[in-house]
Amino acid sequence: MSSFISVLQGETMTPPPIWLMRQAGRYLPEYREVRAKAGGFLDLCYRPELAAEVTLQPIRRFDFDAAIIFSDILVVPHALGQRLWFEEGEGPRLDPIGTAGDLSPYDGEKLLSHLEPVFEAVAQTRAELDDEKALIGFCGAPWTVASYMIAGRGTPDLAPIRAVAKEAPERLQTVIDLLVEASSDYLCRKVEAGVDCLQIFESWAGVLEGADFDRWSLEPVGRIIERVRRQHPHIPIIVFPRKSGEGYLKVVERLPVQAVSLDQTVDLEWAKEVLQSNVALQGNIDPGLLIEGGDGLQRAVDTLLETLGNGPLIVNLGHGIDKTTPIEHVHQLVDRVRGR
Ligand code: CP3
């Protein structure tokens, strides 16, 4: 079994397993080469042999303990019929949904047939991946995905979805409910295709507070987990409620997760005291420190290992790796974690 899965079952591994969010990406020349060959980003997502290839690239180069299947959280709205494209150098664009009425009623078969190339990529990757390496499948949490569906793009403060949550909560609820259904079916199929673990990305948890966090994040994520567990009772699940602060505690106390992924603002002593007795922790090196490398990075790794290394820990970043990150610094990180 992989050390990554052992940690998710509550074991302490020394050295701890390591992988990085967005580990397949533009900081790697071999990724840029395949990406150029594919044409567009979505072509890369929907061509199984290319998606499998870029998923494996960071494992070959850095010997990470887990691979994350190459795709994007926005293929779900795409599969639900929303137009999606990626503006070069800018990021995702969608035709914004005005009302829930813009979307057709849920058709699970249609969704899953659109996403068939992703399942094919999972099967191909699992077949090529070493037994000691875990394969992670993922989706975005409904609030985070809906924020892009409503604004049609990334927004710094999520003003568009927050306005809908305030002025027409029942309309937002319809979109969230649709995403709960779609995401659960999507994750179940990924498990059936061969992933060993699931991660749910709530990248925009940080703008939700109190009862809003409960309603728009905790509750829908909980329903996805419940649905997935009905089909796959033992699949380990990691939730990443980025920048949710106290929200981390709610996730750990109220949802049956194996791990939470910590962003770089989470205090490590607090995480050790309050979270690690219940779940495994993943994180939380600042991606900025990985760009800089050197002593600052060494110190951050040492502090992470000293504080959380005596319990179940997976080393990762606090958020995705930046495209300007020097490859040498990734080697430095891996070596430091593995005591080389
Ligand atoms: O981690 C991995 O290696 C797996 C692949 C992965 C991608 N996106 C590939 C990607 C994963 C897990 C994601 C998740 C994702 N996508 C999130 C949640 C995590 C987070 O970062 O907060 C979000 C919010 C998205 C939506 C999205 N996709 C944005 C905002 C962007 C543009 C940002 C950017 O860096 O350009 C993307 C594009 C994207 N998704 C790229 C990659 C490698 C870069 C596009 C390219 O190669 O041209």
# chains A, B, ... in the order shown; residues from 1 in each chain; ligands from 1

$ residues_around --residues "Ala66 in chain A" --least-positions-apart "5" --cutoff "7 Å" --atoms "only C-alpha atoms" --output "ChimeraX atom specification"
/A:4,19,133-136

$ write_last_selection --atoms "N, CA, C and O atoms" --output "PDB file, in the first residue's frame"
ATOM      1  N   PHE A   4       0.998   7.233   1.323  1.00  0.00           N
ATOM      2  CA  PHE A   4      -0.039   8.270   1.257  1.00  0.00           C
ATOM      3  C   PHE A   4      -1.369   7.744   1.803  1.00  0.00           C
ATOM      4  O   PHE A   4      -2.025   8.389   2.625  1.00  0.00           O
ATOM      5  N   TRP A  19       3.089  15.386  -2.120  1.00  0.00           N
ATOM      6  CA  TRP A  19       2.693  15.725  -3.484  1.00  0.00           C
ATOM      7  C   TRP A  19       2.346  17.206  -3.453  1.00  0.00           C
ATOM      8  O   TRP A  19       2.267  17.800  -2.362  1.00  0.00           O
ATOM      9  N   LYS A 133       2.385   4.238  -5.497  1.00  0.00           N
ATOM     10  CA  LYS A 133       1.923   5.616  -5.691  1.00  0.00           C
ATOM     11  C   LYS A 133       0.399   5.642  -5.721  1.00  0.00           C
ATOM     12  O   LYS A 133      -0.226   4.787  -6.360  1.00  0.00           O
ATOM     13  N   ALA A 134      -0.165   6.627  -5.057  1.00  0.00           N
ATOM     14  CA  ALA A 134      -1.625   6.755  -5.040  1.00  0.00           C
ATOM     15  C   ALA A 134      -2.076   7.656  -6.186  1.00  0.00           C
ATOM     16  O   ALA A 134      -1.332   8.534  -6.632  1.00  0.00           O
ATOM     17  N   LEU A 135      -3.293   7.432  -6.658  1.00  0.00           N
ATOM     18  CA  LEU A 135      -3.877   8.312  -7.675  1.00  0.00           C
ATOM     19  C   LEU A 135      -5.087   9.028  -7.057  1.00  0.00           C
ATOM     20  O   LEU A 135      -5.985   8.394  -6.502  1.00  0.00           O
ATOM     21  N   ILE A 136      -5.062  10.365  -7.147  1.00  0.00           N
ATOM     22  CA  ILE A 136      -6.112  11.190  -6.545  1.00  0.00           C
ATOM     23  C   ILE A 136      -7.080  11.676  -7.628  1.00  0.00           C
ATOM     24  O   ILE A 136      -6.658  12.176  -8.672  1.00  0.00           O
TER      25      ILE A 136
END

$ closest_atom_pairs --of "chain A" --to "ligand 1" --cutoff "7 Å" --atoms "only C-alpha atoms and all ligand atoms" --output "tab-separated table"
residue	atom	partner	partner_atom_place_in_ligand_line	distance
A:Leu20	CA	ligand 1	1 (O)	7.0
A:Met21	CA	ligand 1	1 (O)	4.3
A:Arg22	CA	ligand 1	1 (O)	2.9
A:Gln23	CA	ligand 1	3 (O)	4.2
A:Ala24	CA	ligand 1	3 (O)	4.0
A:Gly25	CA	ligand 1	43 (C)	4.2
A:Arg26	CA	ligand 1	47 (O)	5.7
A:Arg35	CA	ligand 1	47 (O)	6.7
A:Phe41	CA	ligand 1	48 (O)	5.2
A:Thr55	CA	ligand 1	3 (O)	6.9
A:Ile68	CA	ligand 1	4 (C)	5.3
A:Ile69	CA	ligand 1	4 (C)	5.8
A:Phe70	CA	ligand 1	5 (C)	4.4
A:Ser71	CA	ligand 1	5 (C)	5.0
A:Asp72	CA	ligand 1	8 (N)	4.2
A:Ile73	CA	ligand 1	16 (N)	4.9
A:Leu74	CA	ligand 1	26 (C)	6.2
A:Glu88	CA	ligand 1	48 (O)	6.8
A:Gly89	CA	ligand 1	36 (O)	6.4
A:Glu90	CA	ligand 1	36 (O)	6.3
A:Gly91	CA	ligand 1	32 (C)	3.9
A:Pro92	CA	ligand 1	31 (C)	5.6
A:Phe138	CA	ligand 1	12 (C)	6.5
A:Gly140	CA	ligand 1	18 (C)	6.2
A:Thr144	CA	ligand 1	24 (C)	6.9
A:Gly154	CA	ligand 1	30 (C)	6.0
A:Phe201	CA	ligand 1	18 (C)	5.3
A:Ser203	CA	ligand 1	22 (O)	4.4
A:His319	CA	ligand 1	21 (O)	6.3
A:Gly320	CA	ligand 1	21 (O)	5.2

$ residues_around --residues "Ile225 in chain A" --least-positions-apart "4" --cutoff "10 Å" --atoms "only C-alpha atoms" --output "compact mmCIF listing (two decimals) with C-alpha atoms, in the first residue's frame"
# COMPACT_ATOMS: atom_id res chain seq x y z
CA VAL A 180 -24.10 18.13 -5.56
CA SER A 183 -20.19 16.03 -8.53
CA SER A 184 -21.23 12.91 -6.59
CA LEU A 187 -16.52 11.25 -8.18
CA LEU A 198 -10.66 11.94 -3.59
CA ILE A 200 -12.72 18.26 -2.86
CA GLU A 219 -23.79 21.21 3.85
CA PRO A 220 -23.33 20.58 0.09
CA VAL A 221 -19.85 19.09 0.58
CA ARG A 229 -19.77 6.87 0.62
CA ARG A 230 -23.03 5.08 -0.12
CA HIS A 232 -17.78 3.50 -1.96
CA PRO A 233 -17.74 3.27 1.84
CA ILE A 235 -12.68 5.69 -0.28
CA ILE A 237 -11.62 11.86 1.17
CA VAL A 239 -11.36 18.45 1.85
CA LEU A 255 -17.87 15.73 8.05
CA PRO A 256 -16.52 12.17 7.86
CA VAL A 257 -13.28 13.14 6.12

$ atom_distance --atom1 "CA of Asn316 in chain A" --atom2 "CA of Leu297 in chain A"
12.7 Å

$ residues_around --residues "range 329-331 of chain A" --least-positions-apart "6" --cutoff "7 Å" --atoms "only C-alpha atoms" --output "number ranges by chain"
A: 62, 290, 293

$ closest_residue --among "A:Ala79, A:Gly10, A:Tyr27, A:Ala146" --to "Ala182 in chain A" --atoms "only C-alpha atoms"
A:Ala79

$ residues_around --residues "Ile291 in chain A" --least-positions-apart "3" --cutoff "7 Å" --atoms "only C-alpha atoms" --output "PyMOL selection string"
chain A and resi 287-288+324-326

$ select_by_dssp --residues "range 103-165 of chain A" --states "strand (DSSP E)" --output "NGL selection string"
:A and (134-140)

$ closest_atom_pairs --of "range 180-208 of chain A" --to "range 241-245 of chain A" --cutoff "6 Å" --atoms "only C-alpha atoms" --output "Markdown table"
| residue | atom | partner | partner_atom | distance |
| --- | --- | --- | --- | --- |
| A:Glu202 | CA | A:Pro241 | CA | 4.8 |
| A:Ser203 | CA | A:Arg242 | CA | 5.0 |
| A:Ala205 | CA | A:Ser244 | CA | 5.4 |
| A:Gly206 | CA | A:Ser244 | CA | 4.5 |
